[in-house]
Amino acid sequence: PMPATMTMEEAGKTLQNPLQRTEAVLARGKHVYSQTCIVCHGPYGEGDGYVVPKYPRPPSLQSDKIRGYPDGNIFYIITRGQNLMGSYAGQVAPADRWAIVHYIRALQRAKKPTPSDLETASQ
């Protein structure tokens, strides 16, 4: 549970993703992302979802700013909302929110792999 008074900065410092990054968790994250997030954030998290331009474009999940967020910050935003994005606490179970965080990280790494990703791929 996330305390009602917790700020996003506190969430980023204290909340850790309790789920292992497994194929099943990533598949669940992809499924829930496709059902709830894709309409605004788009299939690759670039803010080019189906409702854009009818609504203002959301931030790209591929931006350096969001890539730099700890997992707890992303969980916090899904839970509480931010700017025009409302809270998804009532629609998405906590375990599914953490699965979405793993899936967002997979999207980010697919678009811009880390040096260790490239090292692993070349072995």
# chains A, B, ... in the order shown; residues from 1 in each chain; ligands from 1
>>> closest_atom_pairs(of="region 40-108 of chain A", to="region 113-117 of chain A", cutoff="10 Å", atoms="only C-alpha atoms", output="Markdown table")
| residue | atom | partner | partner_atom | distance |
| --- | --- | --- | --- | --- |
| A:Ala106 | CA | A:Pro113 | CA | 9.3 |
| A:Leu107 | CA | A:Pro113 | CA | 9.6 |
| A:Gln108 | CA | A:Pro113 | CA | 7.5 |
>>> closest_atom_pairs(of="region 77-113 of chain A", to="region 45-56 of chain A", cutoff="12 Å", atoms="only C-alpha atoms", output="Markdown table")
| residue | atom | partner | partner_atom | distance |
| --- | --- | --- | --- | --- |
| A:Asn83 | CA | A:Pro56 | CA | 10.8 |
| A:Leu84 | CA | A:Pro56 | CA | 8.5 |
| A:Met85 | CA | A:Pro56 | CA | 10.5 |
| A:Ile100 | CA | A:Gly45 | CA | 11.4 |
| A:Val101 | CA | A:Gly45 | CA | 11.6 |
| A:Tyr103 | CA | A:Gly45 | CA | 10.1 |
| A:Ile104 | CA | A:Gly45 | CA | 7.3 |
| A:Arg105 | CA | A:Gly45 | CA | 10.0 |
| A:Ala106 | CA | A:Gly45 | CA | 10.5 |
| A:Leu107 | CA | A:Gly45 | CA | 7.1 |
| A:Gln108 | CA | A:Gly45 | CA | 8.0 |
| A:Arg109 | CA | A:Gly45 | CA | 11.5 |
| A:Ala110 | CA | A:Gly45 | CA | 11.1 |
| A:Lys111 | CA | A:Gly45 | CA | 9.8 |
>>> write_last_selection(atoms="N, CA, C and O atoms", output="PDB file, in the first residue's frame")
ATOM      1  N   ASN A  83      -0.968  15.720 -13.869  1.00  0.00           N
ATOM      2  CA  ASN A  83      -1.430  16.678 -14.876  1.00  0.00           C
ATOM      3  C   ASN A  83      -2.809  16.248 -15.390  1.00  0.00           C
ATOM      4  O   ASN A  83      -3.721  16.088 -14.600  1.00  0.00           O
ATOM      5  N   LEU A  84      -2.976  16.008 -16.687  1.00  0.00           N
ATOM      6  CA  LEU A  84      -4.286  15.626 -17.222  1.00  0.00           C
ATOM      7  C   LEU A  84      -4.630  14.157 -17.009  1.00  0.00           C
ATOM      8  O   LEU A  84      -5.779  13.754 -17.166  1.00  0.00           O
ATOM      9  N   MET A  85      -3.635  13.342 -16.659  1.00  0.00           N
ATOM     10  CA  MET A  85      -3.882  11.915 -16.442  1.00  0.00           C
ATOM     11  C   MET A  85      -4.489  11.713 -15.060  1.00  0.00           C
ATOM     12  O   MET A  85      -3.926  12.124 -14.055  1.00  0.00           O
ATOM     13  N   ILE A 100       2.963  -3.090 -15.340  1.00  0.00           N
ATOM     14  CA  ILE A 100       3.047  -2.025 -16.346  1.00  0.00           C
ATOM     15  C   ILE A 100       4.401  -1.332 -16.258  1.00  0.00           C
ATOM     16  O   ILE A 100       5.015  -1.027 -17.288  1.00  0.00           O
ATOM     17  N   VAL A 101       4.879  -1.074 -15.042  1.00  0.00           N
ATOM     18  CA  VAL A 101       6.199  -0.444 -14.878  1.00  0.00           C
ATOM     19  C   VAL A 101       7.259  -1.300 -15.567  1.00  0.00           C
ATOM     20  O   VAL A 101       8.090  -0.780 -16.330  1.00  0.00           O
ATOM     21  N   TYR A 103       6.808  -3.352 -18.021  1.00  0.00           N
ATOM     22  CA  TYR A 103       6.586  -3.293 -19.466  1.00  0.00           C
ATOM     23  C   TYR A 103       7.087  -1.958 -20.036  1.00  0.00           C
ATOM     24  O   TYR A 103       7.706  -1.940 -21.109  1.00  0.00           O
ATOM     25  N   ILE A 104       6.851  -0.858 -19.330  1.00  0.00           N
ATOM     26  CA  ILE A 104       7.360   0.444 -19.780  1.00  0.00           C
ATOM     27  C   ILE A 104       8.889   0.392 -19.867  1.00  0.00           C
ATOM     28  O   ILE A 104       9.481   0.884 -20.843  1.00  0.00           O
ATOM     29  N   ARG A 105       9.533  -0.220 -18.886  1.00  0.00           N
ATOM     30  CA  ARG A 105      10.995  -0.347 -18.924  1.00  0.00           C
ATOM     31  C   ARG A 105      11.433  -1.184 -20.131  1.00  0.00           C
ATOM     32  O   ARG A 105      12.434  -0.868 -20.775  1.00  0.00           O
ATOM     33  N   ALA A 106      10.675  -2.218 -20.456  1.00  0.00           N
ATOM     34  CA  ALA A 106      10.997  -3.028 -21.636  1.00  0.00           C
ATOM     35  C   ALA A 106      10.852  -2.199 -22.908  1.00  0.00           C
ATOM     36  O   ALA A 106      11.691  -2.297 -23.816  1.00  0.00           O
ATOM     37  N   LEU A 107       9.811  -1.375 -22.997  1.00  0.00           N
ATOM     38  CA  LEU A 107       9.638  -0.497 -24.166  1.00  0.00           C
ATOM     39  C   LEU A 107      10.818   0.461 -24.279  1.00  0.00           C
ATOM     40  O   LEU A 107      11.331   0.707 -25.382  1.00  0.00           O
ATOM     41  N   GLN A 108      11.223   1.029 -23.144  1.00  0.00           N
ATOM     42  CA  GLN A 108      12.338   1.971 -23.150  1.00  0.00           C
ATOM     43  C   GLN A 108      13.629   1.295 -23.597  1.00  0.00           C
ATOM     44  O   GLN A 108      14.380   1.849 -24.401  1.00  0.00           O
ATOM     45  N   ARG A 109      13.876   0.103 -23.092  1.00  0.00           N
ATOM     46  CA  ARG A 109      15.114  -0.596 -23.434  1.00  0.00           C
ATOM     47  C   ARG A 109      15.097  -1.085 -24.877  1.00  0.00           C
ATOM     48  O   ARG A 109      16.150  -1.167 -25.517  1.00  0.00           O
ATOM     49  N   ALA A 110      13.918  -1.391 -25.412  1.00  0.00           N
ATOM     50  CA  ALA A 110      13.827  -1.805 -26.814  1.00  0.00           C
ATOM     51  C   ALA A 110      14.151  -0.631 -27.733  1.00  0.00           C
ATOM     52  O   ALA A 110      14.792  -0.801 -28.774  1.00  0.00           O
ATOM     53  N   LYS A 111      13.708   0.555 -27.339  1.00  0.00           N
ATOM     54  CA  LYS A 111      13.925   1.753 -28.152  1.00  0.00           C
ATOM     55  C   LYS A 111      15.357   2.280 -28.008  1.00  0.00           C
ATOM     56  O   LYS A 111      15.951   2.767 -28.959  1.00  0.00           O
TER      57      LYS A 111
END
>>> atom_distance(atom1="CA of Gly42 (chain A)", atom2="CA of Pro94 (chain A)")
21.7 Å
>>> atom_distance(atom1="CA of Pro70 (chain A)", atom2="CA of Gln16 (chain A)")
8.5 Å
>>> closest_residue(among="A:Ile38, A:Ala89, A:Lys112, A:Pro18", to="Ser63 (chain A)", atoms="only C-alpha atoms")
A:Lys112
>>> atom_distance(atom1="CA of His102 (chain A)", atom2="CA of Asn17 (chain A)")
8.4 Å
>>> residues_around(residues="region 11-15 of chain A", least_positions_apart="6", cutoff="9 Å", atoms="only C-alpha atoms", output="PDB file with N, CA, C and O atoms, in the first residue's frame")
ATOM      1  N   MET A   2       0.331   2.282  -0.607  1.00  0.00           N
ATOM      2  CA  MET A   2       1.019   3.557  -0.678  1.00  0.00           C
ATOM      3  C   MET A   2       0.273   4.542   0.223  1.00  0.00           C
ATOM      4  O   MET A   2      -0.914   4.773   0.010  1.00  0.00           O
ATOM      5  N   TYR A  69      13.306   8.307 -14.053  1.00  0.00           N
ATOM      6  CA  TYR A  69      12.462   8.117 -12.870  1.00  0.00           C
ATOM      7  C   TYR A  69      12.720   6.752 -12.257  1.00  0.00           C
ATOM      8  O   TYR A  69      12.797   5.748 -12.972  1.00  0.00           O
ATOM      9  N   PRO A  70      12.774   6.676 -10.935  1.00  0.00           N
ATOM     10  CA  PRO A  70      12.758   5.358 -10.294  1.00  0.00           C
ATOM     11  C   PRO A  70      11.407   4.693 -10.557  1.00  0.00           C
ATOM     12  O   PRO A  70      10.404   5.376 -10.830  1.00  0.00           O
ATOM     13  N   ASP A  71      11.363   3.381 -10.454  1.00  0.00           N
ATOM     14  CA  ASP A  71      10.108   2.657 -10.677  1.00  0.00           C
ATOM     15  C   ASP A  71       8.983   3.175  -9.787  1.00  0.00           C
ATOM     16  O   ASP A  71       7.830   3.243 -10.205  1.00  0.00           O
ATOM     17  N   GLY A  72       9.314   3.553  -8.555  1.00  0.00           N
ATOM     18  CA  GLY A  72       8.295   4.049  -7.629  1.00  0.00           C
ATOM     19  C   GLY A  72       7.596   5.298  -8.132  1.00  0.00           C
ATOM     20  O   GLY A  72       6.412   5.501  -7.868  1.00  0.00           O
ATOM     21  N   ASN A  73       8.305   6.162  -8.861  1.00  0.00           N
ATOM     22  CA  ASN A  73       7.681   7.357  -9.425  1.00  0.00           C
ATOM     23  C   ASN A  73       6.617   6.984 -10.460  1.00  0.00           C
ATOM     24  O   ASN A  73       5.533   7.572 -10.496  1.00  0.00           O
ATOM     25  N   ILE A  74       6.940   6.026 -11.312  1.00  0.00           N
ATOM     26  CA  ILE A  74       5.985   5.613 -12.349  1.00  0.00           C
ATOM     27  C   ILE A  74       4.776   4.946 -11.699  1.00  0.00           C
ATOM     28  O   ILE A  74       3.633   5.222 -12.064  1.00  0.00           O
ATOM     29  N   PHE A  75       5.019   4.093 -10.710  1.00  0.00           N
ATOM     30  CA  PHE A  75       3.920   3.470  -9.971  1.00  0.00           C
ATOM     31  C   PHE A  75       3.040   4.545  -9.335  1.00  0.00           C
ATOM     32  O   PHE A  75       1.814   4.474  -9.397  1.00  0.00           O
ATOM     33  N   TYR A  76       3.662   5.548  -8.752  1.00  0.00           N
ATOM     34  CA  TYR A  76       2.939   6.658  -8.125  1.00  0.00           C
ATOM     35  C   TYR A  76       2.042   7.359  -9.149  1.00  0.00           C
ATOM     36  O   TYR A  76       0.865   7.638  -8.882  1.00  0.00           O
TER      37      TYR A  76
END
>>> select_by_dssp(residues="region 10-95 of chain A", states="helix (DSSP H, G or I)", output="PyMOL selection string")
chain A and resi 10-14+23-36+38-41+64-67+71-80+94-95
>>> closest_residue(among="A:Pro59, A:Val25, A:Gln20, A:Trp98", to="Gln82 (chain A)", atoms="only C-alpha atoms")
A:Pro59
>>> closest_residue(among="A:Leu118, A:Val32, A:Tyr44, A:Pro58", to="Val92 (chain A)", atoms="only C-alpha atoms")
A:Val32
>>> residues_around(residues="Ile78 (chain A)", least_positions_apart="6", cutoff="8 Å", atoms="only C-alpha atoms", output="list in words")
Ser87, Tyr88, Ala89 and Arg97 of chain A
>>> decode(residues="region 54-102 of chain A", atoms="N, CA and C atoms", output="PDB file, in the first residue's frame")
ATOM      1  N   LYS A  54      -7.015  14.787 -30.405  1.00  0.00           N
ATOM      2  CA  LYS A  54      -8.244  15.266 -29.777  1.00  0.00           C
ATOM      3  C   LYS A  54      -7.980  15.786 -28.375  1.00  0.00           C
ATOM      4  N   TYR A  55      -7.012  15.199 -27.715  1.00  0.00           N
ATOM      5  CA  TYR A  55      -6.599  15.622 -26.374  1.00  0.00           C
ATOM      6  C   TYR A  55      -5.132  15.999 -26.453  1.00  0.00           C
ATOM      7  N   PRO A  56      -4.654  16.800 -25.511  1.00  0.00           N
ATOM      8  CA  PRO A  56      -3.225  17.160 -25.543  1.00  0.00           C
ATOM      9  C   PRO A  56      -2.336  15.924 -25.469  1.00  0.00           C
ATOM     10  N   ARG A  57      -1.244  15.998 -26.161  1.00  0.00           N
ATOM     11  CA  ARG A  57      -0.290  14.876 -26.210  1.00  0.00           C
ATOM     12  C   ARG A  57       0.326  14.664 -24.820  1.00  0.00           C
ATOM     13  N   PRO A  58       0.291  13.437 -24.311  1.00  0.00           N
ATOM     14  CA  PRO A  58       0.929  13.170 -23.021  1.00  0.00           C
ATOM     15  C   PRO A  58       2.441  13.110 -23.179  1.00  0.00           C
ATOM     16  N   PRO A  59       3.156  13.154 -22.066  1.00  0.00           N
ATOM     17  CA  PRO A  59       4.613  13.052 -22.179  1.00  0.00           C
ATOM     18  C   PRO A  59       5.026  11.699 -22.744  1.00  0.00           C
ATOM     19  N   SER A  60       6.109  11.697 -23.457  1.00  0.00           N
ATOM     20  CA  SER A  60       6.651  10.449 -23.973  1.00  0.00           C
ATOM     21  C   SER A  60       7.279   9.665 -22.833  1.00  0.00           C
ATOM     22  N   LEU A  61       6.941   8.397 -22.747  1.00  0.00           N
ATOM     23  CA  LEU A  61       7.560   7.525 -21.755  1.00  0.00           C
ATOM     24  C   LEU A  61       8.989   7.183 -22.157  1.00  0.00           C
ATOM     25  N   GLN A  62       9.369   7.602 -23.374  1.00  0.00           N
ATOM     26  CA  GLN A  62      10.724   7.381 -23.887  1.00  0.00           C
ATOM     27  C   GLN A  62      11.667   8.543 -23.556  1.00  0.00           C
ATOM     28  N   SER A  63      11.140   9.618 -22.960  1.00  0.00           N
ATOM     29  CA  SER A  63      11.973  10.788 -22.668  1.00  0.00           C
ATOM     30  C   SER A  63      13.029  10.451 -21.615  1.00  0.00           C
ATOM     31  N   ASP A  64      14.127  11.180 -21.648  1.00  0.00           N
ATOM     32  CA  ASP A  64      15.184  10.980 -20.663  1.00  0.00           C
ATOM     33  C   ASP A  64      14.657  11.227 -19.246  1.00  0.00           C
ATOM     34  N   LYS A  65      13.735  12.173 -19.116  1.00  0.00           N
ATOM     35  CA  LYS A  65      13.168  12.481 -17.799  1.00  0.00           C
ATOM     36  C   LYS A  65      12.479  11.243 -17.219  1.00  0.00           C
ATOM     37  N   ILE A  66      11.615  10.612 -18.000  1.00  0.00           N
ATOM     38  CA  ILE A  66      10.864   9.458 -17.488  1.00  0.00           C
ATOM     39  C   ILE A  66      11.784   8.234 -17.376  1.00  0.00           C
ATOM     40  N   ARG A  67      12.728   8.098 -18.291  1.00  0.00           N
ATOM     41  CA  ARG A  67      13.706   7.004 -18.185  1.00  0.00           C
ATOM     42  C   ARG A  67      14.476   7.110 -16.868  1.00  0.00           C
ATOM     43  N   GLY A  68      14.706   8.342 -16.412  1.00  0.00           N
ATOM     44  CA  GLY A  68      15.439   8.570 -15.177  1.00  0.00           C
ATOM     45  C   GLY A  68      14.615   8.399 -13.910  1.00  0.00           C
ATOM     46  N   TYR A  69      13.306   8.307 -14.053  1.00  0.00           N
ATOM     47  CA  TYR A  69      12.462   8.117 -12.870  1.00  0.00           C
ATOM     48  C   TYR A  69      12.720   6.752 -12.257  1.00  0.00           C
ATOM     49  N   PRO A  70      12.774   6.676 -10.935  1.00  0.00           N
ATOM     50  CA  PRO A  70      12.758   5.358 -10.294  1.00  0.00           C
ATOM     51  C   PRO A  70      11.407   4.693 -10.557  1.00  0.00           C
ATOM     52  N   ASP A  71      11.363   3.381 -10.454  1.00  0.00           N
ATOM     53  CA  ASP A  71      10.108   2.657 -10.677  1.00  0.00           C
ATOM     54  C   ASP A  71       8.983   3.175  -9.787  1.00  0.00           C
ATOM     55  N   GLY A  72       9.314   3.553  -8.555  1.00  0.00           N
ATOM     56  CA  GLY A  72       8.295   4.049  -7.629  1.00  0.00           C
ATOM     57  C   GLY A  72       7.596   5.298  -8.132  1.00  0.00           C
ATOM     58  N   ASN A  73       8.305   6.162  -8.861  1.00  0.00           N
ATOM     59  CA  ASN A  73       7.681   7.357  -9.425  1.00  0.00           C
ATOM     60  C   ASN A  73       6.617   6.984 -10.460  1.00  0.00           C
ATOM     61  N   ILE A  74       6.940   6.026 -11.312  1.00  0.00           N
ATOM     62  CA  ILE A  74       5.985   5.613 -12.349  1.00  0.00           C
ATOM     63  C   ILE A  74       4.776   4.946 -11.699  1.00  0.00           C
ATOM     64  N   PHE A  75       5.019   4.093 -10.710  1.00  0.00           N
ATOM     65  CA  PHE A  75       3.920   3.470  -9.971  1.00  0.00           C
ATOM     66  C   PHE A  75       3.040   4.545  -9.335  1.00  0.00           C
ATOM     67  N   TYR A  76       3.662   5.548  -8.752  1.00  0.00           N
ATOM     68  CA  TYR A  76       2.939   6.658  -8.125  1.00  0.00           C
ATOM     69  C   TYR A  76       2.042   7.359  -9.149  1.00  0.00           C
ATOM     70  N   ILE A  77       2.586   7.663 -10.316  1.00  0.00           N
ATOM     71  CA  ILE A  77       1.814   8.382 -11.342  1.00  0.00           C
ATOM     72  C   ILE A  77       0.637   7.539 -11.819  1.00  0.00           C
ATOM     73  N   ILE A  78       0.848   6.248 -12.025  1.00  0.00           N
ATOM     74  CA  ILE A  78      -0.264   5.381 -12.427  1.00  0.00           C
ATOM     75  C   ILE A  78      -1.322   5.368 -11.329  1.00  0.00           C
ATOM     76  N   THR A  79      -0.877   5.334 -10.077  1.00  0.00           N
ATOM     77  CA  THR A  79      -1.795   5.254  -8.944  1.00  0.00           C
ATOM     78  C   THR A  79      -2.546   6.555  -8.720  1.00  0.00           C
ATOM     79  N   ARG A  80      -1.844   7.678  -8.703  1.00  0.00           N
ATOM     80  CA  ARG A  80      -2.448   8.962  -8.349  1.00  0.00           C
ATOM     81  C   ARG A  80      -2.805   9.849  -9.535  1.00  0.00           C
ATOM     82  N   GLY A  81      -2.156   9.606 -10.673  1.00  0.00           N
ATOM     83  CA  GLY A  81      -2.351  10.486 -11.819  1.00  0.00           C
ATOM     84  C   GLY A  81      -1.376  11.650 -11.768  1.00  0.00           C
ATOM     85  N   GLN A  82      -1.327  12.391 -12.864  1.00  0.00           N
ATOM     86  CA  GLN A  82      -0.452  13.560 -12.939  1.00  0.00           C
ATOM     87  C   GLN A  82      -0.925  14.423 -14.093  1.00  0.00           C
ATOM     88  N   ASN A  83      -0.968  15.720 -13.869  1.00  0.00           N
ATOM     89  CA  ASN A  83      -1.430  16.678 -14.876  1.00  0.00           C
ATOM     90  C   ASN A  83      -2.809  16.248 -15.390  1.00  0.00           C
ATOM     91  N   LEU A  84      -2.976  16.008 -16.687  1.00  0.00           N
ATOM     92  CA  LEU A  84      -4.286  15.626 -17.222  1.00  0.00           C
ATOM     93  C   LEU A  84      -4.630  14.157 -17.009  1.00  0.00           C
ATOM     94  N   MET A  85      -3.635  13.342 -16.659  1.00  0.00           N
ATOM     95  CA  MET A  85      -3.882  11.915 -16.442  1.00  0.00           C
ATOM     96  C   MET A  85      -4.489  11.713 -15.060  1.00  0.00           C
ATOM     97  N   GLY A  86      -5.629  11.067 -15.048  1.00  0.00           N
ATOM     98  CA  GLY A  86      -6.274  10.768 -13.780  1.00  0.00           C
ATOM     99  C   GLY A  86      -5.675   9.542 -13.114  1.00  0.00           C
ATOM    100  N   SER A  87      -6.124   9.279 -11.913  1.00  0.00           N
ATOM    101  CA  SER A  87      -5.692   8.110 -11.161  1.00  0.00           C
ATOM    102  C   SER A  87      -6.242   6.838 -11.796  1.00  0.00           C
ATOM    103  N   TYR A  88      -5.413   5.797 -11.809  1.00  0.00           N
ATOM    104  CA  TYR A  88      -5.863   4.483 -12.264  1.00  0.00           C
ATOM    105  C   TYR A  88      -5.925   3.486 -11.105  1.00  0.00           C
ATOM    106  N   ALA A  89      -5.886   3.989  -9.872  1.00  0.00           N
ATOM    107  CA  ALA A  89      -5.925   3.117  -8.693  1.00  0.00           C
ATOM    108  C   ALA A  89      -7.200   2.280  -8.657  1.00  0.00           C
ATOM    109  N   GLY A  90      -8.305   2.831  -9.102  1.00  0.00           N
ATOM    110  CA  GLY A  90      -9.572   2.103  -9.093  1.00  0.00           C
ATOM    111  C   GLY A  90      -9.735   1.138 -10.251  1.00  0.00           C
ATOM    112  N   GLN A  91      -8.991   1.326 -11.327  1.00  0.00           N
ATOM    113  CA  GLN A  91      -9.129   0.485 -12.510  1.00  0.00           C
ATOM    114  C   GLN A  91      -8.050  -0.579 -12.634  1.00  0.00           C
ATOM    115  N   VAL A  92      -6.866  -0.322 -12.060  1.00  0.00           N
ATOM    116  CA  VAL A  92      -5.727  -1.218 -12.252  1.00  0.00           C
ATOM    117  C   VAL A  92      -5.211  -1.659 -10.878  1.00  0.00           C
ATOM    118  N   ALA A  93      -5.202  -2.950 -10.653  1.00  0.00           N
ATOM    119  CA  ALA A  93      -4.735  -3.514  -9.381  1.00  0.00           C
ATOM    120  C   ALA A  93      -3.251  -3.184  -9.169  1.00  0.00           C
ATOM    121  N   PRO A  94      -2.808  -3.079  -7.908  1.00  0.00           N
ATOM    122  CA  PRO A  94      -1.405  -2.744  -7.651  1.00  0.00           C
ATOM    123  C   PRO A  94      -0.407  -3.665  -8.360  1.00  0.00           C
ATOM    124  N   ALA A  95      -0.633  -4.964  -8.355  1.00  0.00           N
ATOM    125  CA  ALA A  95       0.308  -5.873  -9.040  1.00  0.00           C
ATOM    126  C   ALA A  95       0.347  -5.581 -10.534  1.00  0.00           C
ATOM    127  N   ASP A  96      -0.783  -5.228 -11.121  1.00  0.00           N
ATOM    128  CA  ASP A  96      -0.802  -4.894 -12.547  1.00  0.00           C
ATOM    129  C   ASP A  96      -0.098  -3.566 -12.811  1.00  0.00           C
ATOM    130  N   ARG A  97      -0.177  -2.621 -11.863  1.00  0.00           N
ATOM    131  CA  ARG A  97       0.560  -1.356 -12.020  1.00  0.00           C
ATOM    132  C   ARG A  97       2.056  -1.621 -12.040  1.00  0.00           C
ATOM    133  N   TRP A  98       2.522  -2.514 -11.164  1.00  0.00           N
ATOM    134  CA  TRP A  98       3.945  -2.863 -11.163  1.00  0.00           C
ATOM    135  C   TRP A  98       4.317  -3.605 -12.449  1.00  0.00           C
ATOM    136  N   ALA A  99       3.421  -4.449 -12.957  1.00  0.00           N
ATOM    137  CA  ALA A  99       3.686  -5.143 -14.224  1.00  0.00           C
ATOM    138  C   ALA A  99       3.798  -4.126 -15.363  1.00  0.00           C
ATOM    139  N   ILE A 100       2.963  -3.090 -15.340  1.00  0.00           N
ATOM    140  CA  ILE A 100       3.047  -2.025 -16.346  1.00  0.00           C
ATOM    141  C   ILE A 100       4.401  -1.332 -16.258  1.00  0.00           C
ATOM    142  N   VAL A 101       4.879  -1.074 -15.042  1.00  0.00           N
ATOM    143  CA  VAL A 101       6.199  -0.444 -14.878  1.00  0.00           C
ATOM    144  C   VAL A 101       7.259  -1.300 -15.567  1.00  0.00           C
ATOM    145  N   HIS A 102       7.241  -2.602 -15.340  1.00  0.00           N
ATOM    146  CA  HIS A 102       8.209  -3.487 -16.019  1.00  0.00           C
ATOM    147  C   HIS A 102       8.049  -3.393 -17.537  1.00  0.00           C
TER     148      HIS A 102
END
